[in-house]
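Participant: my_file08.txt is reproduced in full below (compact mmCIF, C-alpha atoms).
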```txt
# COMPACT_ATOMS: atom_id res chain seq x y z
CA MET M 115 -15.02 -15.42 0.54
CA SER M 116 -11.66 -17.01 1.25
CA TRP M 117 -8.86 -15.36 3.26
CA ARG M 118 -6.70 -15.36 0.14
CA ARG M 119 -9.36 -13.49 -1.82
CA LEU M 120 -9.71 -10.92 0.98
CA ARG M 121 -5.91 -10.40 1.04
CA VAL M 122 -5.83 -9.89 -2.73
CA LEU M 123 -8.67 -7.38 -2.55
CA ILE M 124 -6.95 -5.40 0.20
CA GLN M 125 -3.59 -5.44 -1.59
CA HIS M 126 -5.17 -3.95 -4.71
CA LEU M 127 -6.85 -1.04 -2.95
CA PRO M 128 -5.44 2.39 -3.80
CA PRO M 129 -2.80 3.66 -1.33
CA GLU M 130 -5.03 6.53 -0.23
CA SER M 131 -7.92 4.21 0.73
CA ALA M 132 -9.24 4.18 4.29
CA THR M 133 -8.05 0.59 4.77
CA TRP M 134 -4.41 1.32 3.85
CA THR M 135 -4.48 4.52 5.89
CA ALA M 136 -5.70 2.58 8.94
CA LEU M 137 -3.00 -0.08 8.41
CA ARG M 138 -0.29 2.60 8.16
CA ASN M 139 -1.61 4.40 11.25
CA ALA M 140 -1.49 1.15 13.23
CA MET M 141 2.19 0.53 12.36
CA PRO M 142 4.81 1.16 15.06
CA ASP M 143 6.99 4.22 14.38
CA ASP M 144 10.20 2.25 13.78
CA GLU M 145 8.51 -0.06 11.25
CA LEU M 146 6.91 2.92 9.48
CA ALA M 147 10.30 4.67 9.25
CA GLU M 148 11.87 1.47 7.86
CA GLN M 149 9.12 1.17 5.23
CA GLY M 150 9.55 4.83 4.26
CA GLU M 151 13.31 4.45 3.86
CA LYS M 152 13.13 1.44 1.59
CA GLY M 153 10.10 2.66 -0.35
CA GLU M 154 10.17 1.69 -4.02
CA PRO M 155 7.57 3.68 -5.97
CA GLU M 156 8.69 2.05 -9.21
CA LYS M 157 7.13 -1.20 -7.99
CA GLY M 158 3.72 0.33 -7.32
CA ARG M 159 0.75 0.79 -9.60
CA TRP M 160 0.19 4.22 -11.10
CA SER M 161 -2.87 5.51 -12.88
CA GLN M 162 -2.63 7.61 -16.02
CA ALA M 163 -3.30 10.73 -13.94
CA GLU M 164 -0.34 9.91 -11.68
CA GLN M 165 1.89 9.34 -14.71
CA LEU M 166 0.87 12.71 -16.18
CA LEU M 167 1.41 14.47 -12.84
CA ALA M 168 4.91 12.98 -12.56
CA MET M 169 5.67 14.13 -16.11
CA VAL M 170 4.53 17.69 -15.29
CA ALA M 171 6.62 17.71 -12.10
CA ASP M 172 9.68 16.53 -14.06
CA ARG M 173 9.22 19.21 -16.69
CA VAL M 174 8.79 21.96 -14.08
CA ALA M 175 11.97 20.76 -12.35
CA ARG M 176 13.77 20.79 -15.70
CA LEU M 177 12.56 24.34 -16.42
CA GLU M 178 13.79 25.46 -13.00
CA TYR M 179 17.17 23.84 -13.71
CA VAL M 180 17.47 25.56 -17.09
CA LEU M 181 16.51 28.90 -15.53
CA LEU M 182 19.22 28.47 -12.88
CA CYS M 183 21.80 27.55 -15.51
CA VAL M 184 20.96 30.55 -17.68
CA ASN M 185 21.24 32.94 -14.74
CA THR M 186 24.46 31.46 -13.33
CA GLU M 187 27.78 33.08 -14.17
CA GLN M 188 29.80 31.06 -16.67
CA LYS M 189 32.72 30.43 -14.32
CA SER M 190 30.46 29.30 -11.47
CA LYS M 191 29.69 25.68 -10.80
CA ARG M 192 26.47 24.60 -12.49
CA PRO M 193 23.81 22.82 -10.45
CA ARG M 194 23.20 19.13 -11.06
CA PRO M 195 20.30 18.37 -13.37
CA PRO M 196 17.19 17.18 -11.56
CA GLU M 197 16.43 13.49 -11.36
CA PRO M 198 13.05 12.47 -12.76
CA ILE M 199 10.47 11.04 -10.40
CA ARG M 200 10.79 7.27 -10.30
CA ARG M 201 8.00 5.51 -12.16
CA PRO M 202 6.71 1.95 -12.03
CA GLY M 203 8.97 -0.41 -13.97
CA ALA M 204 11.89 2.05 -14.15
CA LYS M 205 15.21 1.59 -12.40
CA GLN M 206 16.67 4.32 -10.19
CA LEU M 207 19.23 6.42 -12.08
CA ARG M 208 21.62 7.05 -9.21
CA PRO M 209 21.89 5.11 -5.98
CA LYS M 210 20.68 6.96 -2.89
CA GLN M 211 23.57 8.72 -1.22
CA LYS M 212 24.13 7.63 2.36
CA MET M 213 25.43 10.06 4.96
CA SER M 214 28.36 8.82 7.00
CA ASP M 215 28.48 9.31 10.77
CA ALA M 216 31.23 11.91 10.39
CA GLN M 217 29.15 13.85 7.85
CA ALA M 218 26.07 13.66 10.08
CA ASN M 219 28.04 14.94 13.08
CA ARG M 220 29.51 17.77 11.03
CA LEU M 221 26.05 18.75 9.75
CA PHE M 222 24.68 18.63 13.31
CA THR M 223 27.52 20.89 14.47
CA LEU M 224 26.89 23.38 11.66
CA ILE M 225 23.14 23.46 12.27
CA ASN M 226 23.65 24.12 15.97
CA GLY M 227 25.88 27.16 15.39
CA GLY M 228 29.26 25.46 15.60
CA ALA M 229 30.61 26.78 12.27
CA SER M 230 34.04 27.97 13.30
```
Please re-express this file's structure in structure tokens.

Facilitator:
Amino acid sequence: MSWRRLRVLIQHLPPESATWTALRNAMPDDELAEQGEKGEPEKGRWSQAEQLLAMVADRVARLEYVLLCVNTEQKSKRPRPPEPIRRPGAKQLRPKQKMSDAQANRLFTLINGGAS
């Protein structure tokens, strides 16, 4: 077996396989955090079961949103509709919102009891 063939076989293993789990566990923390931040599930392979599970999760989120809207007073601000789970081959609807340093510091202050 060639090295190329071995690489192809490993790349096509499911993400929950023992091999991928061992590779993830061997990654340094900073590299793992970087991979998690730039994760792109729409580029992965999904089985039919994963597609159906994502559809169910989207519909439950939509039901929760409708329930919140129905039970919110008319003059109150309505919640934003939920974003569907990203699927392979689909573009992200809204860009990820980045938190500025000032916002992060303000949040840190509020969490640590500095709301004055």

Participant: CA of Lys212 (chain M) to CA of Leu146 (chain M): how many Å, to one decimal?

Facilitator: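 According to the coordinates, CA of Lys212 (chain M) and CA of Leu146 (chain M) are separated by 19.2 Å.
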
Participant: Mind pulling up the distance from CA of Pro198 (chain M) to CA of Leu181 (chain M)?

Facilitator: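 CA of Pro198 (chain M) lies 17.0 Å from CA of Leu181 (chain M).
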
Participant: Could you work out how far CA of Val122 (chain M) lies from CA of Glu148 (chain M), giving the answer in Å with one decimal?

Facilitator: 23.5 Å

Participant: Applying 8 Å and only C-alpha atoms, which residues near Pro196 (chain M) remain after dropping the ones on its own chain fewer than 5 positions away? List them as a list in words.

Facilitator: Asp172, Ala175, Arg176 and Tyr179 of chain M

Participant: For each of M:Met169, M:Leu182, M:Ala163, M:Ile124, take the minimum atom-to-atom distance to Leu137 (chain M), counting all atoms listed in the file, then give the residue where this is smallest.

Facilitator: M:Ile124

Participant: Find the residue from M:Ile199, M:Arg192, M:Leu120, M:Asn139 that sits nearest to Val174 (chain M); use all atoms listed in the file when measuring.

Facilitator: M:Ile199

Participant: Working from the structure I just supplied, which lacks atoms in region 120-131 of chain M, can you model all heavy atoms there and output them as a tab-separated table (two decimals), in the frame of the given file?

Facilitator:
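Written file, part_9.tsv:
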```tsv
chain	number	residue	atom	x	y	z
M	120	LEU	N	-9.67	-12.16	0.20
M	120	LEU	CA	-9.71	-10.92	0.98
M	120	LEU	C	-8.35	-10.21	0.94
M	120	LEU	O	-8.28	-9.00	0.76
M	120	LEU	CB	-10.11	-11.22	2.42
M	120	LEU	CG	-10.17	-10.01	3.36
M	120	LEU	CD1	-11.21	-9.01	2.88
M	120	LEU	CD2	-10.45	-10.46	4.78
M	121	ARG	N	-7.26	-10.98	1.10
M	121	ARG	CA	-5.91	-10.40	1.04
M	121	ARG	C	-5.66	-9.76	-0.31
M	121	ARG	O	-5.15	-8.64	-0.40
M	121	ARG	CB	-4.85	-11.47	1.32
M	121	ARG	CG	-3.43	-10.93	1.27
M	121	ARG	CD	-2.39	-12.00	1.59
M	121	ARG	NE	-2.53	-13.22	0.84
M	121	ARG	CZ	-2.01	-13.42	-0.39
M	121	ARG	NH1	-1.35	-12.48	-0.99
M	121	ARG	NH2	-2.18	-14.58	-0.98
M	122	VAL	N	-6.02	-10.42	-1.38
M	122	VAL	CA	-5.83	-9.89	-2.73
M	122	VAL	C	-6.63	-8.60	-2.91
M	122	VAL	O	-6.14	-7.62	-3.48
M	122	VAL	CB	-6.21	-10.95	-3.80
M	122	VAL	CG1	-6.28	-10.34	-5.18
M	122	VAL	CG2	-5.21	-12.09	-3.77
M	123	LEU	N	-7.85	-8.59	-2.43
M	123	LEU	CA	-8.67	-7.38	-2.55
M	123	LEU	C	-8.06	-6.20	-1.79
M	123	LEU	O	-8.01	-5.08	-2.29
M	123	LEU	CB	-10.10	-7.65	-2.04
M	123	LEU	CG	-10.97	-8.54	-2.92
M	123	LEU	CD1	-12.29	-8.84	-2.23
M	123	LEU	CD2	-11.21	-7.89	-4.28
M	124	ILE	N	-7.56	-6.47	-0.58
M	124	ILE	CA	-6.95	-5.40	0.20
M	124	ILE	C	-5.66	-4.91	-0.45
M	124	ILE	O	-5.40	-3.71	-0.52
M	124	ILE	CB	-6.69	-5.87	1.65
M	124	ILE	CG1	-8.02	-6.04	2.37
M	124	ILE	CG2	-5.80	-4.89	2.40
M	124	ILE	CD1	-7.91	-6.65	3.75
M	125	GLN	N	-4.86	-5.82	-0.97
M	125	GLN	CA	-3.59	-5.44	-1.59
M	125	GLN	C	-3.80	-4.57	-2.84
M	125	GLN	O	-2.94	-3.78	-3.19
M	125	GLN	CB	-2.78	-6.68	-1.98
M	125	GLN	CG	-2.14	-7.35	-0.80
M	125	GLN	CD	-1.39	-8.61	-1.20
M	125	GLN	OE1	-1.70	-9.24	-2.20
M	125	GLN	NE2	-0.42	-8.98	-0.39
M	126	HIS	N	-4.92	-4.71	-3.48
M	126	HIS	CA	-5.17	-3.95	-4.71
M	126	HIS	C	-5.98	-2.69	-4.49
M	126	HIS	O	-6.39	-2.04	-5.45
M	126	HIS	CB	-5.82	-4.86	-5.76
M	126	HIS	CG	-4.84	-5.84	-6.32
M	126	HIS	ND1	-4.61	-7.06	-5.72
M	126	HIS	CD2	-4.02	-5.78	-7.38
M	126	HIS	CE1	-3.68	-7.71	-6.42
M	126	HIS	NE2	-3.31	-6.95	-7.43
M	127	LEU	N	-6.20	-2.32	-3.24
M	127	LEU	CA	-6.85	-1.04	-2.95
M	127	LEU	C	-5.87	0.09	-3.24
M	127	LEU	O	-4.65	-0.09	-3.13
M	127	LEU	CB	-7.27	-0.99	-1.48
M	127	LEU	CG	-8.46	-1.82	-1.08
M	127	LEU	CD1	-8.62	-1.81	0.44
M	127	LEU	CD2	-9.73	-1.33	-1.74
M	128	PRO	N	-6.36	1.27	-3.59
M	128	PRO	CA	-5.44	2.39	-3.80
M	128	PRO	C	-4.76	2.79	-2.49
M	128	PRO	O	-5.34	2.61	-1.40
M	128	PRO	CB	-6.34	3.52	-4.32
M	128	PRO	CG	-7.73	3.10	-4.05
M	128	PRO	CD	-7.74	1.61	-3.86
M	129	PRO	N	-3.54	3.33	-2.55
M	129	PRO	CA	-2.80	3.66	-1.33
M	129	PRO	C	-3.51	4.68	-0.44
M	129	PRO	O	-3.30	4.72	0.75
M	129	PRO	CB	-1.47	4.21	-1.82
M	129	PRO	CG	-1.50	4.20	-3.28
M	129	PRO	CD	-2.78	3.60	-3.75
M	130	GLU	N	-4.35	5.51	-1.02
M	130	GLU	CA	-5.03	6.53	-0.23
M	130	GLU	C	-6.36	6.04	0.36
M	130	GLU	O	-7.11	6.80	0.95
M	130	GLU	CB	-5.27	7.80	-1.06
M	130	GLU	CG	-6.25	7.64	-2.21
M	130	GLU	CD	-5.61	7.11	-3.48
M	130	GLU	OE1	-4.41	6.81	-3.50
M	130	GLU	OE2	-6.34	7.00	-4.48
M	131	SER	N	-6.66	4.75	0.21
M	131	SER	CA	-7.92	4.21	0.73
M	131	SER	C	-7.92	4.22	2.26
M	131	SER	O	-6.87	4.26	2.91
M	131	SER	CB	-8.12	2.78	0.23
M	131	SER	OG	-7.20	1.91	0.84
```
